[in-house]
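final26.txt (compact mmCIF, C-alpha atoms) appears below.
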# COMPACT_ATOMS: atom_id res chain seq x y z
CA MET J 1339 0.00 0.00 0.00
CA SER J 1340 1.31 3.44 -0.90
CA LYS J 1341 2.04 5.83 1.95
CA VAL J 1342 0.63 9.30 2.51
CA TRP J 1343 3.14 12.05 3.25
CA LEU J 1344 2.62 15.56 4.62
CA VAL J 1345 5.68 17.68 3.89
CA THR J 1346 6.15 21.33 4.87
CA GLY J 1347 8.47 23.66 3.03
CA ALA J 1348 8.21 21.35 0.02
CA ASN J 1349 9.02 23.92 -2.65
CA SER J 1350 12.82 23.56 -2.49
CA GLY J 1351 15.78 21.89 -0.84
CA PHE J 1352 15.07 18.93 1.40
CA GLY J 1353 11.31 19.42 1.12
CA ARG J 1354 11.35 19.05 -2.64
CA ALA J 1355 13.77 16.11 -2.37
CA PHE J 1356 11.37 14.37 0.04
CA THR J 1357 8.52 14.95 -2.40
CA GLU J 1358 10.49 13.54 -5.33
CA ALA J 1359 11.60 10.49 -3.32
CA ALA J 1360 8.03 9.77 -2.23
CA VAL J 1361 6.82 10.00 -5.83
CA ALA J 1362 9.56 7.60 -6.95
CA ALA J 1363 8.38 5.13 -4.29
CA GLY J 1364 4.82 5.31 -5.58
CA ASP J 1365 3.53 7.24 -2.58
CA VAL J 1366 1.16 10.20 -2.29
CA VAL J 1367 2.50 13.55 -1.10
CA VAL J 1368 0.61 16.52 0.22
CA ALA J 1369 3.35 19.07 -0.38
CA THR J 1370 2.83 22.34 1.44
CA ALA J 1371 4.57 25.66 1.03
CA ARG J 1372 3.89 29.36 1.32
CA ARG J 1373 4.16 29.44 -2.48
CA PRO J 1374 2.68 26.16 -3.73
CA GLU J 1375 2.95 27.35 -7.33
CA ALA J 1376 6.67 26.51 -7.06
CA LEU J 1377 5.57 22.85 -7.16
CA ALA J 1378 3.57 23.21 -10.39
CA ASP J 1379 6.00 21.04 -12.36
CA LEU J 1380 5.61 18.14 -9.93
CA THR J 1381 1.84 18.38 -9.68
CA ALA J 1382 1.60 18.50 -13.47
CA ALA J 1383 3.91 15.51 -13.92
CA HIS J 1384 2.33 13.46 -11.12
CA PRO J 1385 -1.27 14.65 -10.67
CA ASP J 1386 -2.31 11.45 -8.87
CA GLN J 1387 0.58 11.56 -6.42
CA VAL J 1388 1.39 15.19 -5.61
CA GLU J 1389 -0.95 17.80 -4.18
CA ALA J 1390 0.44 21.27 -3.59
CA LEU J 1391 -1.25 23.20 -0.80
CA ALA J 1392 -0.59 26.62 0.66
CA LEU J 1393 0.29 26.39 4.35
CA ASP J 1394 1.77 28.91 6.73
CA VAL J 1395 3.03 26.73 9.58
CA THR J 1396 2.84 29.69 11.95
CA ASP J 1397 -0.97 29.62 11.60
CA PRO J 1398 -2.41 27.03 14.05
CA ALA J 1399 -5.89 27.18 12.54
CA ALA J 1400 -4.50 26.48 9.07
CA ILE J 1401 -2.53 23.52 10.42
CA THR J 1402 -5.65 22.01 11.98
CA ALA J 1403 -7.63 22.48 8.77
CA VAL J 1404 -4.96 20.99 6.50
CA VAL J 1405 -4.43 17.90 8.66
CA ALA J 1406 -8.16 17.30 8.95
CA ASP J 1407 -8.57 17.69 5.20
CA VAL J 1408 -5.73 15.28 4.38
CA VAL J 1409 -7.03 12.63 6.77
CA GLU J 1410 -10.59 13.01 5.47
CA ARG J 1411 -9.56 12.59 1.84
CA HIS J 1412 -6.73 10.05 2.20
CA GLY J 1413 -7.69 8.29 5.41
CA ARG J 1414 -4.34 8.69 7.12
CA ILE J 1415 -0.98 10.44 7.32
CA ASP J 1416 1.90 7.97 7.39
CA LEU J 1417 4.78 10.42 7.43
CA LEU J 1418 4.97 14.00 8.67
CA VAL J 1419 8.07 15.91 7.59
CA ASN J 1420 8.55 19.18 9.47
CA ASN J 1421 10.92 20.87 7.06
CA ALA J 1422 9.77 24.48 6.65
CA GLY J 1423 12.32 26.97 7.88
CA ARG J 1424 14.75 29.77 7.23
CA GLY J 1425 18.01 31.07 8.63
CA HIS J 1426 18.64 34.13 10.73
CA VAL J 1427 21.92 35.82 11.57
CA GLY J 1428 22.53 38.29 14.37
CA SER J 1429 24.17 38.39 17.76
CA ALA J 1430 21.99 37.73 20.78
CA GLU J 1431 21.96 41.45 21.55
CA GLU J 1432 21.22 42.44 17.95
CA THR J 1433 18.26 40.07 17.64
CA THR J 1434 14.96 41.72 18.51
CA ASP J 1435 12.06 40.08 20.34
CA ALA J 1436 10.03 40.19 17.14
CA GLU J 1437 12.78 38.44 15.16
CA LEU J 1438 13.25 35.80 17.84
CA ARG J 1439 9.54 35.10 18.27
CA SER J 1440 9.03 34.89 14.51
CA LEU J 1441 11.75 32.27 14.21
CA PHE J 1442 10.39 30.24 17.13
CA ASP J 1443 6.91 30.35 15.58
CA LEU J 1444 8.33 28.93 12.37
CA HIS J 1445 10.80 26.37 13.73
CA PHE J 1446 9.24 25.29 17.01
CA PHE J 1447 5.61 26.21 17.62
CA GLY J 1448 4.55 25.39 14.05
CA PRO J 1449 6.13 21.92 14.02
CA ALA J 1450 4.82 21.27 17.54
CA SER J 1451 1.30 22.12 16.36
CA LEU J 1452 1.65 19.81 13.38
CA VAL J 1453 2.87 16.98 15.62
CA ARG J 1454 -0.11 17.40 17.93
CA ALA J 1455 -2.48 17.52 14.95
CA VAL J 1456 -1.27 14.27 13.35
CA LEU J 1457 -0.68 12.22 16.49
CA PRO J 1458 -4.33 11.27 17.18
CA HIS J 1459 -4.51 9.70 13.72
CA MET J 1460 -1.15 7.95 14.03
CA ARG J 1461 -2.02 6.68 17.51
CA ARG J 1462 -5.28 5.24 16.26
CA ARG J 1463 -3.45 3.28 13.58
CA ARG J 1464 -0.45 2.48 15.83
CA SER J 1465 1.93 3.48 13.05
CA GLY J 1466 3.57 6.50 11.51
CA ALA J 1467 6.79 8.48 11.39
CA ILE J 1468 7.66 12.07 12.21
CA VAL J 1469 10.79 13.62 10.69
CA GLN J 1470 12.02 16.77 12.40
CA MET J 1471 14.47 18.68 10.24
CA SER J 1472 16.92 20.21 12.67
CA SER J 1473 20.53 21.10 11.90
CA MET J 1474 24.01 20.50 13.20
CA GLY J 1475 23.11 23.85 14.79
CA GLY J 1476 20.68 21.90 16.94
CA GLN J 1477 23.64 20.35 18.76
CA MET J 1478 25.95 23.38 18.92
CA SER J 1479 25.94 27.05 18.07
CA PHE J 1480 28.17 29.74 16.58
CA PRO J 1481 28.42 33.54 16.84
CA GLY J 1482 25.47 35.03 15.02
CA PHE J 1483 23.28 31.95 15.22
CA SER J 1484 21.92 32.26 18.76
CA ALA J 1485 18.32 32.62 17.55
CA TYR J 1486 18.53 29.93 14.87
CA SER J 1487 20.22 27.40 17.13
CA GLY J 1488 17.90 28.28 19.99
CA THR J 1489 14.94 27.16 17.90
CA LYS J 1490 16.68 23.97 16.81
CA PHE J 1491 17.78 23.11 20.37
CA ALA J 1492 14.13 23.48 21.38
CA VAL J 1493 12.98 21.15 18.60
CA GLU J 1494 15.54 18.55 19.62
CA GLY J 1495 14.53 18.58 23.29
CA PHE J 1496 10.86 18.38 22.34
CA SER J 1497 11.54 15.52 19.94
CA GLU J 1498 13.64 13.49 22.37
CA ALA J 1499 10.75 13.36 24.83
CA LEU J 1500 8.27 12.84 22.00
CA ALA J 1501 10.16 9.80 20.71
CA ALA J 1502 10.05 8.14 24.13
CA GLU J 1503 6.33 8.87 24.44
CA VAL J 1504 5.17 7.60 21.06
CA GLY J 1505 7.70 4.85 20.39
CA PRO J 1506 5.68 2.25 22.36
CA LEU J 1507 2.66 3.23 20.21
CA GLY J 1508 4.41 2.23 16.98
CA ILE J 1509 5.34 5.77 15.92
CA LYS J 1510 8.90 6.70 14.96
CA VAL J 1511 10.56 10.08 15.50
CA LEU J 1512 13.74 11.01 13.66
CA VAL J 1513 15.67 14.25 14.21
CA VAL J 1514 17.86 15.12 11.21
CA GLU J 1515 20.97 17.29 11.67
CA PRO J 1516 22.32 18.31 8.26
CA GLY J 1517 25.57 20.11 7.71
CA ALA J 1518 25.97 22.35 4.66
CA PHE J 1519 23.58 21.27 1.89
CA ARG J 1520 22.46 23.06 -1.27
CA THR J 1521 18.98 23.96 -0.08
CA ASN J 1522 18.51 27.74 -0.58
CA LEU J 1523 18.58 28.15 3.21
CA MET J 1524 21.12 30.95 2.98
CA ARG J 1525 19.08 32.82 0.37
CA GLY J 1526 16.14 32.92 2.75
CA THR J 1527 18.19 33.98 5.76
CA THR J 1528 17.14 37.17 7.50
CA ALA J 1529 19.50 39.41 9.45
CA SER J 1530 19.36 41.69 12.47
CA GLU J 1531 20.62 45.24 12.41
CA GLU J 1532 24.35 45.24 13.05
CA ILE J 1533 26.17 46.53 16.13
CA ALA J 1534 29.78 47.40 15.33
CA ASP J 1535 31.22 45.74 18.44
CA TYR J 1536 30.20 42.31 17.07
CA ALA J 1537 31.95 42.74 13.71
CA ASP J 1538 34.81 40.41 14.67
CA THR J 1539 32.61 37.61 16.04
CA VAL J 1540 29.39 37.77 14.03
CA GLY J 1541 30.92 39.36 10.94
CA PRO J 1542 32.37 36.10 9.53
CA THR J 1543 28.98 34.42 9.96
CA ARG J 1544 27.28 37.23 8.04
CA GLN J 1545 29.86 36.86 5.27
CA MET J 1546 29.30 33.10 5.11
CA VAL J 1547 25.54 33.62 4.78
CA ALA J 1548 26.05 36.27 2.09
CA ALA J 1549 28.13 33.81 0.07
CA GLY J 1550 25.07 31.57 -0.33
CA ASP J 1551 24.92 27.79 -0.46
CA ASP J 1552 25.49 27.00 -4.15
CA GLY J 1553 28.91 25.57 -3.35
CA HIS J 1554 27.87 23.54 -0.33
CA PRO J 1555 28.85 19.86 -0.57
CA GLY J 1556 25.63 18.22 0.58
CA ASP J 1557 23.16 16.81 -1.95
CA PRO J 1558 19.56 16.98 -0.59
CA ALA J 1559 18.51 13.94 -2.66
CA LYS J 1560 21.26 11.82 -1.11
CA GLY J 1561 20.40 13.24 2.30
CA VAL J 1562 16.77 12.16 1.89
CA ALA J 1563 17.90 8.70 0.78
CA ALA J 1564 19.89 8.40 4.03
CA ILE J 1565 16.88 9.55 6.04
CA LEU J 1566 14.63 6.96 4.41
CA THR J 1567 17.22 4.26 5.11
CA ALA J 1568 17.18 5.27 8.79
CA LEU J 1569 13.36 5.26 8.88
CA ASP J 1570 13.23 1.80 7.32
CA ALA J 1571 15.70 0.36 9.85
CA GLU J 1572 14.39 -1.80 12.66
CA ASN J 1573 16.19 0.44 15.15
CA THR J 1574 15.74 3.94 13.77
CA PRO J 1575 18.12 6.38 15.48
CA LEU J 1576 16.77 9.39 17.34
CA ARG J 1577 19.30 11.70 15.69
CA LEU J 1578 20.92 11.50 12.26
CA PRO J 1579 23.71 13.96 11.42
CA LEU J 1580 24.15 14.33 7.66
CA GLY J 1581 27.22 15.09 5.58
CA ASP J 1582 30.91 14.85 6.40
CA ASP J 1583 30.88 18.36 7.83
CA GLY J 1584 27.74 17.78 9.88
CA LEU J 1585 28.99 14.49 11.28
CA GLU J 1586 32.45 15.83 12.11
CA ALA J 1587 31.02 18.95 13.73
CA VAL J 1588 28.56 17.02 15.93
CA VAL J 1589 31.09 14.38 16.98
CA GLY J 1590 33.75 17.00 17.68
CA HIS J 1591 31.32 19.04 19.75
CA LEU J 1592 30.31 16.00 21.81
CA ASP J 1593 33.99 15.15 22.40
CA ARG J 1594 34.68 18.70 23.61
CA GLN J 1595 31.64 18.58 25.89
CA ARG J 1596 32.80 15.30 27.40
CA ALA J 1597 36.31 16.68 27.96
CA GLU J 1598 34.95 19.84 29.59
CA ILE J 1599 32.69 17.83 31.88
CA ALA J 1600 35.61 15.61 32.87
CA THR J 1601 37.69 18.68 33.76
CA TRP J 1602 34.98 19.95 36.09
CA GLU J 1603 33.68 16.59 37.29
CA LYS J 1604 35.03 16.84 40.85
CA VAL J 1605 33.64 20.35 41.33
CA ALA J 1606 30.30 19.26 39.91
CA ARG J 1607 30.05 16.18 42.11
CA ASP J 1608 31.13 17.91 45.31
CA THR J 1609 27.77 19.66 45.80
CA ALA J 1610 25.93 17.38 48.23
CA PHE J 1611 25.02 18.27 51.80
CA ASP J 1612 27.74 17.29 54.28
CA VAL J 1613 26.69 14.29 56.37
Structure re-expressed in structure tokens:
Amino acid sequence: MSKVWLVTGANSGFGRAFTEAAVAAGDVVVATARRPEALADLTAAHPDQVEALALDVTDPAAITAVVADVVERHGRIDLLVNNAGRGHVGSAEETTDAELRSLFDLHFFGPASLVRAVLPHMRRRRSGAIVQMSSMGGQMSFPGFSAYSGTKFAVEGFSEALAAEVGPLGIKVLVVEPGAFRTNLMRGTTASEEIADYADTVGPTRQMVAAGDDGHPGDPAKGVAAILTALDAENTPLRLPLGDDGLEAVVGHLDRQRAEIATWEKVARDTAFDV
């Protein structure tokens, strides 16, 4: 039986690669985007498999309506891919409340609403998979990415608990942590107003974002193939770093964390009441 996918941010990058992979597998994809017309070529080529819908994932009412509509017409949602997102660069001080809240609405509250909307249907069928597109920036952060990484850290904490809650119900949760892939993420990156004192720390990050992602080594299609391999495995991992750079960055960060904890282990342990 073909599967039914609900993919957000499906117009480019990983979202489009997910849609193409699902079509190749004979599945049905409800591909959502702010600009669904960007998927016109896929809907025209595969009218029985791809539906393009407009969805702003920061609109809870729209999320509820779309999920209800998909379940009513297709009977189920087998895979939810929370992929919609954008970058943001700015120091913690430069980033305004409005910028921070907007990014959390997009990267955290929207995906959380989608998860809550699909779970009753997945629970009823005791099957399903939820793919949370995070980033290597969900494990570590860099100057200028405090807001972006803050949202991804939140998604990862949410998803770790979620996986333990729904795993016994037959539902898989996979957090994906890509490195640098050619996804148009940099082109959609917003930026805070600059403060000169952060030129040395945040400046290089701004320059990296301005350079774009055309030369990035990661291929979204190969990344999606790796994700599907992980989902098909009997023991699907909770987290899947992608790309040489993503894997090296995550492993190196964990090694540095372990070394730092070891250095301060005695101080950390010596905090109990004296007996």
Might you pull out every residue within 10 Å of stretch 1520-1522 of chain J, with only C-alpha atoms counted and same-chain residues fewer than 6 positions away left off, and present them as an MDAnalysis selection string?
chainID J and resid 1350:1355 1424:1425 1550:1558
Find the residues of stretch 1438-1497 of chain J that sit at most 9 Å from stretch 1396-1416 of chain J; for each, write down the nearest two atoms and how far apart they are in Å, to one decimal. Count all atoms listed in the file. Sort by chain, then by number going up, and give it as CSV.
residue,atom,partner,partner_atom,distance
J:Ser1440,CA,J:Thr1396,CA,8.5
J:Asp1443,CA,J:Thr1396,CA,5.5
J:Leu1444,CA,J:Thr1396,CA,5.6
J:His1445,CA,J:Thr1396,CA,8.8
J:Phe1447,CA,J:Thr1396,CA,7.2
J:Gly1448,CA,J:Thr1396,CA,5.1
J:Pro1449,CA,J:Thr1396,CA,8.7
J:Ser1451,CA,J:Pro1398,CA,6.6
J:Leu1452,CA,J:Ile1401,CA,6.3
J:Ala1455,CA,J:Thr1402,CA,6.2
J:Val1456,CA,J:Val1405,CA,6.7
J:His1459,CA,J:Arg1414,CA,6.7
J:Met1460,CA,J:Ile1415,CA,7.2
J:Arg1463,CA,J:Arg1414,CA,8.5
J:Ser1465,CA,J:Asp1416,CA,7.2
J:Gly1466,CA,J:Asp1416,CA,4.7
J:Ala1467,CA,J:Asp1416,CA,6.3
J:Ile1468,CA,J:Asp1416,CA,8.6
Find the residues near J:Tyr1536: any atom within 12 Å, counting only C-alpha atoms, skip ones fewer than 4 places away on the same chain, and give them as a PyMOL selection string.
chain J and resi 1427-1432+1481-1482+1530-1532+1540-1544
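Between J:Arg1594 and the candidates J:Ile1509, J:Leu1580, J:Met1478, J:Val1361, the tightest atom-to-atom separation, counting all atoms listed in the file, involves J:Met1478.
For the pair atom CA of J:Thr1528 and atom CA of J:His1426, the separation is 4.7 Å.
All residues that come within 9 Å of the coordinates (3.2, 9.9, 19.1), counting all atoms listed in the file, are given as Val1453, Arg1454, Val1456, Leu1457, Pro1458, Met1460, Arg1461, Arg1464, Ser1465, Gly1466, Ala1467, Ile1468, Leu1500, Ala1501, Ala1502, Glu1503, Val1504, Gly1505, Pro1506, Leu1507, Gly1508, Ile1509, Lys1510 and Val1511 of chain J.
When only C-alpha atoms are used to measure the gap to J:Gly1475, the shortest distance among J:Thr1433, J:Thr1601, J:Thr1370, J:Thr1489 belongs to J:Thr1489.
Restricting the calculation to all atoms listed in the file, the smallest distance between J:Leu1569 and any of J:Val1469, J:Ala1359, J:Ala1376, J:Ala1422 is found for J:Val1469.
Our summary of the geometry notes that atom CA of J:Glu1515 is positioned 25.0 Å from atom CA of J:Leu1377.
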Find the spatial neighbours of J:Ser1487, counting all atoms listed in the file, within a cut-off of 6 Å - ignore same-chain residues fewer than 4 positions away - and output them as a ChimeraX atom specification.
/J:1475-1476,1479,1483,1491
Just to confirm, what's the straight-line distance from atom CA of J:Leu1578 to atom CA of J:Ala1563 in Å (one decimal)?
12.2 Å
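With all atoms listed in the file as the atoms that count, the residue of J:Leu1393, J:Met1339, J:Ala1485, J:Val1388 with the shortest distance to J:Thr1434 is J:Ala1485.
Nearest-residue note for J:Trp1343: choosing from J:Leu1417, J:Leu1380, J:Leu1438, J:Pro1385, the minimum distance belongs to J:Leu1417, counting all atoms listed in the file.
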Residue contacts of J:Pro1579 (9 Å, only C-alpha atoms) excluding same-chain residues fewer than 5 positions away, as a VMD selection string
chain J and resid 1473 to 1474 1513 to 1517 1584 to 1586 1588
